[in-house]
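Structure record follows, encoded as structure tokens.
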Amino acid sequence: QVQLVESGGGLVQPGGSLRLSCAASGNIFRIYVMGWYRQAPGKQRELVANIITIGSTNYADSVKGRFTISREDAKNTVYLYLQMNSLKPEDTAVYYCNAAGAGFDDWGQGTQVTVSS
């Protein structure tokens, strides 16, 4: 099992930037893929971006060219980041960090991102 703690959400104006962070601890050596998902009110949770251990990344079409996912490995913690630029009101959602591997699929508590003038 992996424990995930997100931070970095907040209120930002359209066109602004935010950087989300996620700290993963526990059985980090079993992680195969980490990703960011989001869920807007009344909508299903959707994949924003993910990164596989070998380094390949995937992005939702709606965020390509604006968001960048990255990962940093420390001794006992894995850090996952999401740099969000040129934010739009439709990016408003609760953003969740996810880590998955053989036999587990763990989620953080979520962090609110609100894009509004």
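FYI, nothing fancy with the structure tokens labels: chains A, B, ... in order, residues from 1 per chain, ligands from 1 as they appear.
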
Those in chain A with strand (DSSP E) from DSSP, as a ChimeraX atom specification: /A:2-7,10-12,18-26,31-39,46-52,57-59,67-73,78-84,93-101,104-107,111-115

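For region 5-116 of chain A, backbone-based DSSP assignment of helix (DSSP H, G or I) covers Ile28, Phe29, Arg30, Pro89, Glu90 and Asp91 of chain A.
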
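Candidate residues A:Ser116, A:Thr53, A:Thr77, A:Gln44 were compared for distance to Val94 (chain A), and the nearest is A:Gln44, using only C-alpha atoms.
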
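Counting from CA of Ser17 (chain A), the distance to CA of Lys43 (chain A) is 23.1 Å.
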
Contacts of Cys22 (chain A) within 7 Å, only C-alpha atoms, excl. fewer than 3 positions in-chain, as an NGL selection string: :A and (4-7 or 79-81 or 97)

Produce a file of the selected residues containing all heavy atoms, as a short mmCIF file (atom, residue, chain, number, x, y, z; two decimals), in the first residue's frame.
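Full text of selection.cif as output:
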```cif
data_model
loop_
_atom_site.label_atom_id
_atom_site.label_comp_id
_atom_site.auth_asym_id
_atom_site.auth_seq_id
_atom_site.Cartn_x
_atom_site.Cartn_y
_atom_site.Cartn_z
N LEU A 4 -0.56 8.67 -0.05
CA LEU A 4 -0.40 9.81 -0.95
C LEU A 4 -0.96 11.06 -0.32
O LEU A 4 -2.09 11.05 0.18
CB LEU A 4 -1.12 9.53 -2.27
CG LEU A 4 -0.70 8.28 -3.03
CD1 LEU A 4 -1.71 7.92 -4.10
CD2 LEU A 4 0.67 8.48 -3.65
N VAL A 5 -0.18 12.14 -0.35
CA VAL A 5 -0.63 13.42 0.20
C VAL A 5 -0.40 14.51 -0.84
O VAL A 5 0.74 14.75 -1.25
CB VAL A 5 0.13 13.76 1.50
CG1 VAL A 5 -0.33 15.12 2.03
CG2 VAL A 5 -0.08 12.67 2.54
N GLU A 6 -1.50 15.14 -1.26
CA GLU A 6 -1.41 16.21 -2.26
C GLU A 6 -1.33 17.58 -1.59
O GLU A 6 -1.80 17.76 -0.47
CB GLU A 6 -2.63 16.21 -3.19
CG GLU A 6 -2.86 14.92 -3.95
CD GLU A 6 -4.03 14.15 -3.41
OE1 GLU A 6 -4.30 14.28 -2.20
OE2 GLU A 6 -4.69 13.42 -4.18
N SER A 7 -0.78 18.53 -2.33
CA SER A 7 -0.76 19.92 -1.90
C SER A 7 -0.63 20.80 -3.14
O SER A 7 -0.31 20.31 -4.22
CB SER A 7 0.39 20.19 -0.93
OG SER A 7 1.63 19.91 -1.55
N TYR A 79 7.98 11.84 -5.24
CA TYR A 79 7.23 13.07 -5.42
C TYR A 79 6.70 13.14 -6.84
O TYR A 79 7.45 12.94 -7.80
CB TYR A 79 8.10 14.29 -5.12
CG TYR A 79 8.59 14.34 -3.70
CD1 TYR A 79 9.84 13.84 -3.36
CD2 TYR A 79 7.78 14.88 -2.70
CE1 TYR A 79 10.28 13.88 -2.04
CE2 TYR A 79 8.22 14.92 -1.38
CZ TYR A 79 9.47 14.41 -1.07
OH TYR A 79 9.89 14.44 0.23
N LEU A 80 5.43 13.44 -6.95
CA LEU A 80 4.79 13.61 -8.26
C LEU A 80 4.31 15.05 -8.35
O LEU A 80 3.71 15.57 -7.42
CB LEU A 80 3.60 12.66 -8.40
CG LEU A 80 2.93 12.63 -9.76
CD1 LEU A 80 3.84 11.93 -10.79
CD2 LEU A 80 1.58 11.93 -9.70
N TYR A 81 4.59 15.68 -9.48
CA TYR A 81 4.22 17.08 -9.67
C TYR A 81 3.34 17.23 -10.91
O TYR A 81 3.42 16.45 -11.86
CB TYR A 81 5.47 17.95 -9.86
CG TYR A 81 6.45 17.86 -8.71
CD1 TYR A 81 7.62 17.12 -8.83
CD2 TYR A 81 6.19 18.51 -7.51
CE1 TYR A 81 8.52 17.04 -7.77
CE2 TYR A 81 7.08 18.43 -6.45
CZ TYR A 81 8.25 17.69 -6.59
OH TYR A 81 9.13 17.61 -5.54
N CYS A 97 -4.20 12.55 -6.69
CA CYS A 97 -2.98 11.82 -7.02
C CYS A 97 -3.28 10.32 -6.91
O CYS A 97 -4.01 9.89 -6.00
CB CYS A 97 -1.88 12.22 -6.04
SG CYS A 97 -0.30 11.38 -6.27
#
```

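Ranking A:Thr111, A:Arg66, A:Asn98, A:Gln1 by their shortest atom-to-atom distance to Leu20 (chain A), with only C-alpha atoms included, puts A:Thr111 first.
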
Pick from A:Ala74, A:Ala100, A:Ile69, A:Leu87, whichever lies nearest to Ser21 (chain A) using only C-alpha atoms: A:Ile69

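Between Val12 (chain A) and the residues A:Gly103, A:Pro89, A:Ile28, A:Gly108, the shortest atom-to-atom distance, using only C-alpha atoms, involves A:Pro89.
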
Exercise: Arg45 (chain A) partners within 12 Å, only C-alpha atoms, chain neighbours under 2 positions left out, as a ChimeraX atom specification: /A:36-43,47-48,93-98,110

Residue selection dump (N, CA and C atoms) as a CSV table (one decimal), in the first residue's frame:
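Just written: result_24.csv:
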```csv
chain,number,residue,atom,x,y,z
A,36,TRP,N,-2.3,11.9,-12.2
A,36,TRP,CA,-3.2,12.9,-11.7
A,36,TRP,C,-4.5,12.8,-12.4
A,37,TYR,N,-5.6,12.7,-11.6
A,37,TYR,CA,-6.9,12.7,-12.0
A,37,TYR,C,-7.7,13.9,-11.5
A,38,ARG,N,-8.8,14.2,-12.1
A,38,ARG,CA,-9.6,15.3,-11.6
A,38,ARG,C,-11.1,15.0,-11.7
A,39,GLN,N,-11.8,15.6,-10.8
A,39,GLN,CA,-13.3,15.4,-10.9
A,39,GLN,C,-14.0,16.8,-10.6
A,40,ALA,N,-14.7,17.2,-11.6
A,40,ALA,CA,-15.5,18.4,-11.5
A,40,ALA,C,-16.9,18.1,-11.0
A,41,PRO,N,-17.6,19.1,-10.4
A,41,PRO,CA,-18.9,18.8,-9.9
A,41,PRO,C,-19.8,18.2,-10.9
A,42,GLY,N,-20.5,17.1,-10.6
A,42,GLY,CA,-21.4,16.5,-11.6
A,42,GLY,C,-20.8,15.7,-12.7
A,43,LYS,N,-19.5,15.6,-12.6
A,43,LYS,CA,-18.8,14.9,-13.7
A,43,LYS,C,-18.0,13.7,-13.1
A,47,LEU,N,-8.8,11.1,-16.1
A,47,LEU,CA,-7.3,11.1,-16.1
A,47,LEU,C,-6.9,12.5,-16.7
A,48,VAL,N,-5.9,13.1,-16.0
A,48,VAL,CA,-5.3,14.3,-16.5
A,48,VAL,C,-4.0,14.0,-17.2
A,93,ALA,N,-11.6,21.8,-10.6
A,93,ALA,CA,-12.0,20.5,-10.2
A,93,ALA,C,-11.2,20.1,-8.9
A,94,VAL,N,-11.5,19.0,-8.3
A,94,VAL,CA,-10.7,18.4,-7.3
A,94,VAL,C,-9.7,17.5,-8.0
A,95,TYR,N,-8.4,17.7,-7.7
A,95,TYR,CA,-7.4,17.0,-8.4
A,95,TYR,C,-6.9,15.9,-7.4
A,96,TYR,N,-6.8,14.7,-7.9
A,96,TYR,CA,-6.3,13.5,-7.1
A,96,TYR,C,-5.1,12.9,-7.6
A,97,CYS,N,-4.2,12.5,-6.7
A,97,CYS,CA,-3.0,11.8,-7.0
A,97,CYS,C,-3.3,10.3,-6.9
A,98,ASN,N,-2.7,9.6,-7.8
A,98,ASN,CA,-3.0,8.1,-7.9
A,98,ASN,C,-1.6,7.4,-8.0
A,110,GLY,N,-7.2,14.4,-2.3
A,110,GLY,CA,-7.6,15.4,-3.3
A,110,GLY,C,-7.3,16.9,-2.9
```

Shell of 8 Å around Gly9 (chain A), only C-alpha atoms, local chain residues under 4 positions omitted, as JSON, numbers by chain: {"A": [18, 19, 20, 111, 112, 113, 114]}

Got time to write the residues from that selection, C-alpha atoms, as a compact mmCIF listing (two decimals), in the first residue's frame?
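Final output, again08.txt:
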```txt
# COMPACT_ATOMS: atom_id res chain seq x y z
CA LEU A 18 -0.36 26.38 -10.32
CA ARG A 19 1.91 23.53 -9.35
CA LEU A 20 0.44 20.51 -7.61
CA THR A 111 -6.83 19.14 -3.60
CA GLN A 112 -9.20 21.77 -4.94
CA VAL A 113 -8.21 23.85 -7.96
CA THR A 114 -10.49 26.75 -8.83
```

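You can rank A:Gly15, A:Val63, A:Asn85, A:Val2 by their closest distance to Arg30 (chain A) using only C-alpha atoms, and at the top of that list sits A:Val2.
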
Closest of A:Asp91, A:Ser117, A:Gly101, A:Phe29 to Ala60 (chain A) - atom-to-atom distances counting only C-alpha atoms: A:Asp91

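Pairwise distance (CA of Arg71 (chain A), CA of Ile52 (chain A)) equals 9.6 Å.
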
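Interatomic distance, CA of Ser62 (chain A) to CA of Gly35 (chain A): 15.5 Å.
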
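Within the 8 Å cut-off around Thr68 (chain A), using only C-alpha atoms and omitting residues fewer than 4 positions from it on the same chain, the listed residues are Leu82, Gln83 and Met84 of chain A.
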
Could you take the residues named above and write them with C-alpha atoms, as a compact mmCIF listing (two decimals), in the first residue's frame?
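Result saved to selection.txt:
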```
# COMPACT_ATOMS: atom_id res chain seq x y z
CA LEU A 82 1.76 18.65 -12.05
CA GLN A 83 2.73 22.02 -13.48
CA MET A 84 -0.41 23.68 -14.79
```
